[in-house]
file query15.cif (mmCIF, C-alpha atoms (C1' of nucleotides))
data_query
#
loop_
_atom_site.group_PDB
_atom_site.id
_atom_site.type_symbol
_atom_site.label_atom_id
_atom_site.label_comp_id
_atom_site.auth_asym_id
_atom_site.auth_seq_id
_atom_site.Cartn_x
_atom_site.Cartn_y
_atom_site.Cartn_z
ATOM 1 C CA MET A 1 -13.454 -17.605 -8.217
ATOM 2 C CA LYS A 2 -11.086 -14.753 -9.040
ATOM 3 C CA LEU A 3 -12.149 -11.153 -9.092
ATOM 4 C CA GLY A 4 -11.987 -9.836 -12.647
ATOM 5 C CA LYS A 5 -11.169 -6.491 -14.198
ATOM 6 C CA GLY A 6 -14.760 -5.327 -13.925
ATOM 7 C CA PHE A 7 -14.399 -5.218 -10.167
ATOM 8 C CA PHE A 8 -11.409 -2.904 -10.405
ATOM 9 C CA SER A 9 -12.701 -0.640 -13.152
ATOM 10 C CA ARG A 10 -14.639 1.513 -10.719
ATOM 11 C CA ASN A 11 -13.887 4.468 -8.466
ATOM 12 C CA ALA A 12 -10.976 3.796 -6.092
ATOM 13 C CA LYS A 13 -13.083 4.641 -3.063
ATOM 14 C CA GLU A 14 -15.698 2.068 -4.042
ATOM 15 C CA VAL A 15 -13.116 -0.596 -4.819
ATOM 16 C CA ALA A 16 -11.294 0.088 -1.540
ATOM 17 C CA ARG A 17 -14.508 -0.429 0.410
ATOM 18 C CA ASP A 18 -15.573 -3.487 -1.555
ATOM 19 C CA LEU A 19 -12.162 -5.151 -1.264
ATOM 20 C CA LEU A 20 -12.728 -5.559 2.486
ATOM 21 C CA GLY A 21 -13.649 -9.148 3.288
ATOM 22 C CA GLU A 22 -12.349 -10.484 -0.021
ATOM 23 C CA VAL A 23 -9.471 -12.952 0.119
ATOM 24 C CA LEU A 24 -5.999 -12.345 -1.230
ATOM 25 C CA VAL A 25 -4.398 -15.577 -2.371
ATOM 26 C CA ARG A 26 -0.663 -16.066 -2.865
ATOM 27 C CA LYS A 27 0.808 -19.230 -4.337
ATOM 28 C CA ILE A 28 4.431 -19.957 -3.459
ATOM 29 C CA GLY A 29 5.632 -23.206 -4.996
ATOM 30 C CA ASN A 30 3.042 -25.763 -3.871
ATOM 31 C CA LYS A 31 1.899 -23.707 -0.876
ATOM 32 C CA ILE A 32 -1.212 -21.559 -0.965
ATOM 33 C CA LEU A 33 -1.453 -18.638 1.442
ATOM 34 C CA ARG A 34 -4.896 -17.157 1.964
ATOM 35 C CA ALA A 35 -5.553 -13.895 3.811
ATOM 36 C CA LYS A 36 -8.599 -11.724 4.279
ATOM 37 C CA ILE A 37 -8.298 -8.061 3.340
ATOM 38 C CA VAL A 38 -9.247 -6.037 6.419
ATOM 39 C CA GLU A 39 -7.870 -2.560 5.719
ATOM 40 C CA THR A 40 -7.439 -0.466 2.566
ATOM 41 C CA GLU A 41 -6.882 3.109 1.444
ATOM 42 C CA ALA A 42 -7.836 4.902 -1.770
ATOM 43 C CA TYR A 43 -5.408 7.127 -3.661
ATOM 44 C CA PHE A 44 -6.115 9.455 -6.539
ATOM 45 C CA GLY A 45 -4.144 11.386 -9.129
ATOM 46 C CA SER A 46 -3.192 15.043 -9.483
ATOM 47 C CA GLU A 47 -5.877 16.224 -7.075
ATOM 48 C CA ASP A 48 -4.492 14.053 -4.258
ATOM 49 C CA PRO A 49 -1.410 15.601 -2.593
ATOM 50 C CA ALA A 50 -0.672 12.331 -0.772
ATOM 51 C CA SER A 51 -0.528 10.357 -3.988
ATOM 52 C CA ARG A 52 2.688 9.771 -5.801
ATOM 53 C CA ALA A 53 0.845 10.322 -9.048
ATOM 54 C CA VAL A 54 1.281 14.059 -8.492
ATOM 55 C CA GLN A 55 4.855 13.448 -9.595
ATOM 56 C CA ASN A 56 5.599 12.590 -13.156
ATOM 57 C CA GLY A 57 7.456 9.339 -12.729
ATOM 58 C CA ASP A 58 6.873 5.664 -13.275
ATOM 59 C CA LEU A 59 4.307 5.523 -10.457
ATOM 60 C CA ARG A 60 2.032 7.963 -12.199
ATOM 61 C CA LYS A 61 2.417 6.031 -15.456
ATOM 62 C CA THR A 62 1.524 2.812 -13.662
ATOM 63 C CA MET A 63 -1.568 4.347 -12.073
ATOM 64 C CA LEU A 64 -2.755 5.266 -15.552
ATOM 65 C CA MET A 65 -2.590 1.656 -16.700
ATOM 66 C CA GLU A 66 -5.570 -0.675 -16.931
ATOM 67 C CA PRO A 67 -7.653 -1.668 -13.883
ATOM 68 C CA GLY A 68 -6.221 -4.560 -11.892
ATOM 69 C CA THR A 69 -2.626 -3.579 -12.580
ATOM 70 C CA ILE A 70 -0.464 -4.323 -9.555
ATOM 71 C CA LEU A 71 1.555 -1.352 -8.376
ATOM 72 C CA VAL A 72 4.392 -2.142 -6.005
ATOM 73 C CA TYR A 73 6.259 0.783 -4.581
ATOM 74 C CA GLY A 74 9.024 1.071 -2.060
ATOM 75 C CA VAL A 75 9.118 3.427 0.870
ATOM 76 C CA HIS A 76 11.296 3.273 3.985
ATOM 77 C CA ASN A 77 12.615 -0.145 3.185
ATOM 78 C CA ASN A 78 9.188 -1.656 2.597
ATOM 79 C CA TRP A 79 7.213 -2.761 -0.408
ATOM 80 C CA LEU A 80 3.639 -1.560 -0.535
ATOM 81 C CA ILE A 81 1.112 -3.202 -2.821
ATOM 82 C CA ASN A 82 -1.633 -1.329 -4.662
ATOM 83 C CA PHE A 83 -4.190 -2.273 -7.270
ATOM 84 C CA VAL A 84 -4.843 0.240 -10.028
ATOM 85 C CA THR A 85 -8.543 1.025 -10.302
ATOM 86 C CA SER A 86 -10.883 3.085 -12.470
ATOM 87 C CA ASN A 87 -10.447 3.163 -16.224
ATOM 88 C CA GLU A 88 -7.230 3.339 -18.155
ATOM 89 C CA GLY A 89 -6.100 6.954 -18.306
ATOM 90 C CA LYS A 90 -7.356 7.906 -14.849
ATOM 91 C CA ALA A 91 -4.808 7.820 -12.025
ATOM 92 C CA GLU A 92 -6.411 5.900 -9.170
ATOM 93 C CA ALA A 93 -5.270 3.060 -6.946
ATOM 94 C CA VAL A 94 -6.102 1.179 -3.768
ATOM 95 C CA LEU A 95 -3.450 0.414 -1.167
ATOM 96 C CA ILE A 96 -3.748 -2.840 0.760
ATOM 97 C CA ARG A 97 -2.865 -1.891 4.338
ATOM 98 C CA SER A 98 -3.642 -4.964 6.365
ATOM 99 C CA LEU A 99 -4.590 -8.638 6.098
ATOM 100 C CA GLU A 100 -5.906 -11.361 8.379
ATOM 101 C CA PRO A 101 -4.046 -14.643 7.722
ATOM 102 C CA LEU A 102 -6.506 -17.504 7.209
ATOM 103 C CA ASN A 103 -4.340 -20.601 6.805
ATOM 104 C CA PHE A 104 -0.912 -19.452 7.986
ATOM 105 C CA GLU A 105 0.766 -17.500 10.760
ATOM 106 C CA ALA A 106 2.505 -14.218 10.086
ATOM 107 C CA LYS A 107 2.500 -10.557 10.953
ATOM 108 C CA THR A 108 0.375 -8.946 8.279
ATOM 109 C CA ASN A 109 -1.050 -5.973 10.158
ATOM 110 C CA GLY A 110 0.708 -3.279 8.169
ATOM 111 C CA PRO A 111 1.340 -2.516 4.495
ATOM 112 C CA GLY A 112 5.064 -3.259 4.700
ATOM 113 C CA LEU A 113 4.577 -6.378 6.816
ATOM 114 C CA LEU A 114 2.030 -8.071 4.605
ATOM 115 C CA THR A 115 4.230 -7.812 1.529
ATOM 116 C CA LYS A 116 7.042 -9.477 3.470
ATOM 117 C CA ALA A 117 4.729 -12.222 4.719
ATOM 118 C CA LEU A 118 3.425 -12.947 1.225
ATOM 119 C CA ARG A 119 6.820 -12.419 -0.417
ATOM 120 C CA ILE A 120 5.496 -9.734 -2.673
ATOM 121 C CA GLY A 121 8.196 -7.591 -4.242
ATOM 122 C CA LYS A 122 8.956 -5.488 -7.274
ATOM 123 C CA ASP A 123 8.651 -8.553 -9.497
ATOM 124 C CA PHE A 124 4.857 -8.141 -9.349
ATOM 125 C CA HIS A 125 5.010 -4.496 -10.408
ATOM 126 C CA LYS A 126 2.920 -3.770 -13.504
ATOM 127 C CA LYS A 127 1.530 -7.290 -13.704
ATOM 128 C CA ASN A 128 -2.243 -7.641 -13.572
ATOM 129 C CA ILE A 129 -3.914 -9.206 -10.536
ATOM 130 C CA CYS A 130 -6.508 -10.769 -12.829
ATOM 131 C CA GLU A 131 -3.883 -12.503 -14.946
ATOM 132 C CA THR A 132 -1.090 -13.625 -12.603
ATOM 133 C CA SER A 133 -1.060 -17.310 -11.707
ATOM 134 C CA ASN A 134 0.599 -16.961 -8.285
ATOM 135 C CA LEU A 135 -1.344 -14.000 -6.868
ATOM 136 C CA TRP A 136 -5.018 -13.129 -7.105
ATOM 137 C CA VAL A 137 -8.065 -11.935 -5.176
ATOM 138 C CA GLU A 138 -10.684 -14.555 -4.535
ATOM 139 C CA GLU A 139 -14.294 -13.502 -4.705
ATOM 140 C CA ASN A 140 -16.058 -13.752 -1.373
ATOM 141 C CA PHE A 141 -18.610 -10.965 -1.567
ATOM 142 C CA GLY A 142 -17.873 -9.621 -5.030
ATOM 143 C CA PHE A 143 -20.589 -7.221 -6.146
ATOM 144 C CA ASP A 144 -23.131 -8.692 -3.723
ATOM 145 C CA GLU A 145 -24.217 -5.691 -1.664
ATOM 146 C CA THR A 146 -26.462 -7.771 0.552
ATOM 147 C CA LYS A 147 -23.706 -10.083 1.694
ATOM 148 C CA LYS A 148 -21.404 -7.081 1.987
ATOM 149 C CA GLY A 149 -23.905 -5.499 4.320
ATOM 150 C CA SER A 150 -23.060 -8.091 6.965
ATOM 151 C CA LEU A 151 -19.678 -6.459 7.347
ATOM 152 C CA GLU A 152 -19.216 -3.532 9.667
ATOM 153 C CA ILE A 153 -17.060 -1.092 7.767
ATOM 154 C CA ALA A 154 -15.407 1.928 9.349
ATOM 155 C CA GLU A 155 -14.133 5.006 7.514
ATOM 156 C CA ALA A 156 -11.175 7.055 8.668
ATOM 157 C CA PHE A 157 -8.492 9.425 7.468
ATOM 158 C CA ARG A 158 -5.469 7.846 5.863
ATOM 159 C CA ILE A 159 -2.480 6.875 7.942
ATOM 160 C CA GLY A 160 1.004 8.309 7.726
ATOM 161 C CA VAL A 161 0.403 10.707 4.853
ATOM 162 C CA LYS A 162 1.932 14.173 5.059
ATOM 163 C CA LYS A 163 -0.895 16.031 3.364
ATOM 164 C CA ASP A 164 -4.199 14.252 3.430
ATOM 165 C CA LEU A 165 -7.379 15.321 1.722
ATOM 166 C CA SER A 166 -10.306 16.306 3.903
ATOM 167 C CA LYS A 167 -12.041 13.101 2.847
ATOM 168 C CA LYS A 168 -12.009 9.805 4.680
ATOM 169 C CA LEU A 169 -10.308 7.415 2.298
ATOM 170 C CA ARG A 170 -9.270 4.644 4.678
ATOM 171 C CA PHE A 171 -11.581 1.699 5.163
ATOM 172 C CA TYR A 172 -11.332 -1.166 7.605
ATOM 173 C CA ILE A 173 -13.429 -3.914 9.120
ATOM 174 C CA LYS A 174 -14.638 -2.655 12.462
ATOM 175 C CA GLY A 175 -13.257 -4.539 15.439
ATOM 176 C CA ASN A 176 -10.869 -6.709 13.428
ATOM 177 C CA LYS A 177 -7.722 -7.179 15.475
ATOM 178 C CA PHE A 178 -5.463 -7.268 12.424
ATOM 179 C CA VAL A 179 -6.241 -3.683 11.501
ATOM 180 C CA SER A 180 -3.169 -1.481 11.940
ATOM 181 C CA ARG A 181 -3.954 1.332 14.296
ATOM 182 C CA LYS A 182 -2.095 4.411 15.419
ATOM 183 C "C1'" DC B 1 26.125 11.612 -9.919
ATOM 184 C "C1'" DA B 2 24.034 14.152 -5.532
ATOM 185 C "C1'" DT B 3 20.409 14.943 -2.747
ATOM 186 C "C1'" DA B 4 15.690 15.240 -0.720
ATOM 187 C "C1'" DT B 5 11.771 12.867 0.596
ATOM 188 C "C1'" DG B 6 8.517 9.538 2.627
ATOM 189 C "C1'" DA B 7 1.718 5.658 1.665
ATOM 190 C "C1'" DT B 8 7.044 2.292 7.490
ATOM 191 C "C1'" DG B 9 8.264 -0.461 11.418
ATOM 192 C "C1'" DG B 10 10.417 -1.265 15.540
ATOM 193 C "C1'" DA B 11 12.531 0.202 19.652
ATOM 194 C "C1'" DC B 12 12.038 3.023 23.318
ATOM 195 C "C1'" DT B 13 9.910 6.708 27.149
ATOM 196 C "C1'" DG C 1 3.637 9.450 22.205
ATOM 197 C "C1'" DT C 2 9.162 10.166 20.000
ATOM 198 C "C1'" DC C 3 13.323 8.813 17.454
ATOM 199 C "C1'" DC C 4 15.652 6.845 13.588
ATOM 200 C "C1'" DA C 5 17.615 3.172 10.264
ATOM 201 C "C1'" DT C 6 17.334 2.555 5.547
ATOM 202 C "C1'" DC C 7 16.307 2.615 0.419
ATOM 203 C "C1'" DA C 8 13.235 3.263 -3.767
ATOM 204 C "C1'" DT C 9 11.986 7.034 -6.282
ATOM 205 C "C1'" DA C 10 12.051 11.679 -8.365
ATOM 206 C "C1'" DT C 11 14.561 15.509 -9.784
ATOM 207 C "C1'" DG C 12 18.411 18.571 -10.842
ATOM 208 C "C1'" DG C 13 23.218 19.095 -12.640
#
call {"tool": "encode", "arguments": {"input": "query15.cif", "output": "C-alpha coordinates"}}
result
Amino acid sequence: MKLGKGFFSRNAKEVARDLLGEVLVRKIGNKILRAKIVETEAYFGSEDPASRAVQNGDLRKTMLMEPGTILVYGVHNNWLINFVTSNEGKAEAVLIRSLEPLNFEAKTNGPGLLTKALRIGKDFHKKNICETSNLWVEENFGFDETKKGSLEIAEAFRIGVKKDLSKKLRFYIKGNKFVSRK
DNA sequence: CATATGATGGACT
DNA sequence: GTCCATCATATGG
(Lines of atoms letter the chains of each structure in order from A and count residues from 1; the text may use other names and numbers.)
(Lines give C-alpha, C1' and ligand atoms only; values in the text may rest on other atoms or scores of the structure.)
Protein backbone atom coordinates (compact mmCIF):
# COMPACT_ATOMS: atom_id res chain seq x y z
CA MET A 1 0.00 0.00 0.00
CA LYS A 2 1.22 3.47 -0.94
CA LEU A 3 1.74 6.21 1.57
CA GLY A 4 -0.79 8.98 0.96
CA LYS A 5 -0.74 12.74 1.33
CA GLY A 6 -1.81 12.54 4.96
CA PHE A 7 1.55 11.04 5.82
CA PHE A 8 3.39 13.97 4.29
CA SER A 9 1.15 16.74 5.58
CA ARG A 10 2.94 16.89 8.91
CA ASN A 11 6.04 18.58 10.29
CA ALA A 12 9.17 17.79 8.25
CA LYS A 13 11.00 16.52 11.31
CA GLU A 14 8.23 14.02 12.04
CA VAL A 15 7.98 12.89 8.44
CA ALA A 16 11.76 12.52 8.19
CA ARG A 17 11.79 10.26 11.24
CA ASP A 18 8.76 8.26 10.17
CA LEU A 19 10.07 7.73 6.63
CA LEU A 20 12.85 5.52 8.04
CA GLY A 21 12.05 1.87 7.43
CA GLU A 22 9.47 2.62 4.75
CA VAL A 23 10.18 1.32 1.25
CA LEU A 24 10.81 3.46 -1.79
CA VAL A 25 9.64 1.73 -4.94
CA ARG A 26 10.78 2.63 -8.45
CA LYS A 27 9.29 1.07 -11.56
CA ILE A 28 11.47 1.12 -14.67
CA GLY A 29 9.78 -0.57 -17.61
CA ASN A 30 8.80 -3.99 -16.26
CA LYS A 31 11.39 -3.95 -13.47
CA ILE A 32 10.53 -3.01 -9.91
CA LEU A 33 13.29 -1.71 -7.67
CA ARG A 34 12.59 -1.71 -3.95
CA ALA A 35 14.80 0.01 -1.37
CA LYS A 36 14.44 0.73 2.32
CA ILE A 37 14.85 4.33 3.44
CA VAL A 38 17.60 4.36 6.08
CA GLU A 39 18.66 8.01 6.29
CA THR A 40 16.81 11.33 5.93
CA GLU A 41 17.17 15.01 6.75
CA ALA A 42 14.55 17.69 7.40
CA TYR A 43 14.72 21.13 5.81
CA PHE A 44 12.66 24.19 6.60
CA GLY A 45 11.95 27.56 5.04
CA SER A 46 13.15 31.09 5.79
CA GLU A 47 14.30 30.20 9.30
CA ASP A 48 16.66 27.51 8.00
CA PRO A 49 19.92 28.96 6.61
CA ALA A 50 20.83 25.60 5.05
CA SER A 51 17.62 25.44 3.07
CA ARG A 52 17.39 26.71 -0.44
CA ALA A 53 13.98 28.10 0.39
CA VAL A 54 15.74 31.12 1.89
CA GLN A 55 16.26 32.16 -1.72
CA ASN A 56 13.36 33.26 -3.80
CA GLY A 57 13.62 30.87 -6.71
CA ASP A 58 11.82 27.85 -8.04
CA LEU A 59 12.97 25.71 -5.11
CA ARG A 60 11.18 27.88 -2.61
CA LYS A 61 8.06 27.84 -4.78
CA THR A 62 8.22 24.06 -4.96
CA MET A 63 8.59 23.72 -1.19
CA LEU A 64 5.39 25.72 -0.82
CA MET A 65 3.45 23.25 -2.93
CA GLU A 66 1.22 20.51 -1.55
CA PRO A 67 2.54 17.69 0.66
CA GLY A 68 4.02 14.77 -1.26
CA THR A 69 5.37 16.97 -4.04
CA ILE A 70 8.68 15.61 -5.29
CA LEU A 71 11.46 18.17 -5.29
CA VAL A 72 14.52 17.27 -7.33
CA TYR A 73 17.42 19.63 -7.14
CA GLY A 74 20.88 19.55 -8.58
CA VAL A 75 24.08 20.24 -6.72
CA HIS A 76 27.64 19.34 -7.69
CA ASN A 77 26.58 17.21 -10.58
CA ASN A 78 24.08 15.19 -8.57
CA TRP A 79 20.33 15.04 -8.30
CA LEU A 80 18.94 15.06 -4.80
CA ILE A 81 15.39 13.97 -4.10
CA ASN A 82 13.13 15.57 -1.49
CA PHE A 83 9.50 15.21 -0.55
CA VAL A 84 7.62 18.38 0.31
CA THR A 85 5.93 18.08 3.69
CA SER A 86 3.64 20.10 5.94
CA ASN A 87 0.71 21.99 4.49
CA GLU A 88 0.60 23.96 1.29
CA GLY A 89 2.05 27.41 1.94
CA LYS A 90 4.66 26.28 4.45
CA ALA A 91 8.17 25.68 3.12
CA GLU A 92 9.28 22.30 4.45
CA ALA A 93 10.84 19.23 2.87
CA VAL A 94 12.58 15.97 3.66
CA LEU A 95 15.75 14.93 1.86
CA ILE A 96 16.29 11.23 1.22
CA ARG A 97 19.97 10.67 1.97
CA SER A 98 20.43 6.94 1.84
CA LEU A 99 18.69 3.69 0.89
CA GLU A 100 19.22 -0.03 1.44
CA PRO A 101 18.56 -1.95 -1.80
CA LEU A 102 16.17 -4.85 -1.19
CA ASN A 103 15.91 -6.64 -4.53
CA PHE A 104 18.80 -5.20 -6.54
CA GLU A 105 22.47 -4.31 -6.23
CA ALA A 106 23.66 -0.73 -6.41
CA LYS A 107 25.45 1.96 -4.49
CA THR A 108 22.70 3.90 -2.77
CA ASN A 109 24.50 5.13 0.34
CA GLY A 110 24.42 8.82 -0.51
CA PRO A 111 21.84 11.31 -1.80
CA GLY A 112 23.50 11.68 -5.20
CA LEU A 113 24.14 7.96 -5.57
CA LEU A 114 20.63 6.78 -4.86
CA THR A 115 19.12 9.04 -7.51
CA LYS A 116 21.55 7.58 -10.05
CA ALA A 117 20.74 4.03 -8.97
CA LEU A 118 17.00 4.61 -9.25
CA ARG A 119 17.32 6.80 -12.35
CA ILE A 120 15.60 9.69 -10.70
CA GLY A 121 16.14 13.00 -12.46
CA LYS A 122 14.55 16.36 -13.05
CA ASP A 123 11.65 14.69 -14.85
CA PHE A 124 10.17 13.86 -11.43
CA HIS A 125 10.41 17.45 -10.23
CA LYS A 126 7.07 18.85 -9.07
CA LYS A 127 5.24 15.57 -9.55
CA ASN A 128 3.52 14.11 -6.50
CA ILE A 129 4.86 10.92 -4.90
CA CYS A 130 1.29 9.88 -4.11
CA GLU A 131 0.20 10.15 -7.74
CA THR A 132 3.12 8.97 -9.89
CA SER A 133 2.81 5.46 -11.32
CA ASN A 134 6.54 4.70 -11.53
CA LEU A 135 7.71 5.98 -8.14
CA TRP A 136 6.09 5.74 -4.73
CA VAL A 137 6.67 4.98 -1.05
CA GLU A 138 5.25 1.72 0.15
CA GLU A 139 3.77 1.62 3.61
CA ASN A 140 5.69 -0.61 5.98
CA PHE A 141 5.18 1.07 9.32
CA GLY A 142 2.99 3.99 8.28
CA PHE A 143 1.52 5.72 11.32
CA ASP A 144 1.97 2.63 13.51
CA GLU A 145 4.08 3.91 16.39
CA THR A 146 4.31 0.50 18.00
CA LYS A 147 5.85 -1.15 14.98
CA LYS A 148 8.02 1.92 14.49
CA GLY A 149 9.31 1.46 18.01
CA SER A 150 11.16 -1.67 16.91
CA LEU A 151 13.50 0.53 14.92
CA GLU A 152 16.51 2.08 16.56
CA ILE A 153 16.61 5.63 15.28
CA ALA A 154 19.58 7.94 15.73
CA GLU A 155 19.52 11.74 15.51
CA ALA A 156 22.43 13.81 14.30
CA PHE A 157 23.34 17.13 12.76
CA ARG A 158 22.91 17.42 9.03
CA ILE A 159 25.74 16.54 6.70
CA GLY A 160 27.56 18.87 4.35
CA VAL A 161 25.58 22.01 5.09
CA LYS A 162 27.46 25.28 5.44
CA LYS A 163 25.29 26.79 8.15
CA ASP A 164 23.32 24.29 10.14
CA LEU A 165 20.74 25.03 12.78
CA SER A 166 21.53 24.01 16.34
CA LYS A 167 18.91 21.28 16.03
CA LYS A 168 19.50 17.68 15.05
CA LEU A 169 17.58 17.24 11.83
CA ARG A 170 19.25 14.14 10.42
CA PHE A 171 17.74 10.76 11.17
CA TYR A 172 19.07 7.32 10.39
CA ILE A 173 18.58 3.70 11.36
CA LYS A 174 21.21 2.90 13.94
CA GLY A 175 23.79 0.37 12.82
CA ASN A 176 22.56 0.15 9.23
CA LYS A 177 25.57 -0.24 6.98
CA PHE A 178 24.01 1.72 4.13
CA VAL A 179 23.93 4.93 6.13
CA SER A 180 26.34 7.49 4.68
CA ARG A 181 28.79 8.56 7.32
CA LYS A 182 31.48 11.20 7.49
C1' DC B 1 25.16 37.00 -20.52
C1' DA B 2 28.63 36.54 -16.30
C1' DT B 3 29.55 34.89 -12.07
C1' DA B 4 29.19 32.83 -7.36
C1' DT B 5 27.81 29.09 -4.75
C1' DG B 6 27.07 24.41 -2.92
C1' DA B 7 22.02 19.58 0.74
C1' DT B 8 28.36 15.68 -3.52
C1' DG B 9 31.42 11.94 -4.61
C1' DG B 10 35.63 10.03 -5.56
C1' DA B 11 40.48 10.03 -5.44
C1' DC B 12 44.16 10.61 -2.65
C1' DT B 13 47.49 11.35 1.95
C1' DG C 1 41.27 14.06 6.98
C1' DT C 2 42.15 17.28 2.01
C1' DC C 3 41.51 18.51 -2.86
C1' DC C 4 38.75 19.29 -6.86
C1' DA C 5 35.78 18.27 -11.17
C1' DT C 6 31.50 19.80 -12.62
C1' DC C 7 26.74 21.87 -13.26
C1' DA C 8 22.01 23.40 -11.64
C1' DT C 9 20.43 27.35 -9.63
C1' DA C 10 20.06 32.22 -8.20
C1' DT C 11 21.13 36.83 -9.00
C1' DG C 12 22.90 41.01 -11.16
C1' DG C 13 23.73 43.68 -15.50
call {"tool": "resolve_selection", "arguments": {"input": "query15.cif", "expression": "the PyMOL selection byres ((chain B and resi 5) around 10)", "output": "list in words"}}
result
Val75 of chain A; DT3, DA4 and DG6 of chain B; DT9 and DA10 of chain C
call {"tool": "resolve_selection", "arguments": {"input": "query15.cif", "expression": "the PyMOL selection byres ((chain A) within 12 of (chain C))", "output": "ChimeraX atom specification"}}
result
/A:52-60,72-80,121-122,182
call {"tool": "atom_distance", "arguments": {"input": "query15.cif", "atom1": "atom CA of Lys13 of chain A", "atom2": "atom CA of Gly89 of chain A"}}
result
16.9 Å
call {"tool": "interface_residues", "arguments": {"input": "query15.cif", "of": "chain B", "to": "chain A", "cutoff": "9 Å", "atoms": "all atoms listed in the file", "output": "list in words"}}
result
DG6, DA7, DT8 and DG9 of chain B
call {"tool": "atom_distance", "arguments": {"input": "query15.cif", "atom1": "atom CA of Ser150 of chain A", "atom2": "atom CA of Lys5 of chain A"}}
result
24.3 Å
call {"tool": "resolve_selection", "arguments": {"input": "query15.cif", "expression": "the PyMOL selection byres ((chain A and resi 71) around 6)", "output": "ChimeraX atom specification"}}
result
/A:70,72,81-83,125-126
call {"tool": "atom_distance", "arguments": {"input": "query15.cif", "atom1": "atom CA of Thr40 of chain A", "atom2": "atom CA of Val15 of chain A"}}
result
9.3 Å
call {"tool": "axis_aligned_box", "arguments": {"input": "query15.cif", "around": "segment 153-168 of chain A", "padding_each_side": "3 Å", "output": "AutoDock Vina command-line options"}}
result
--center_x -7.6 --center_y 7.6 --center_z 5.5 --size_x 25.0 --size_y 23.4 --size_z 13.6
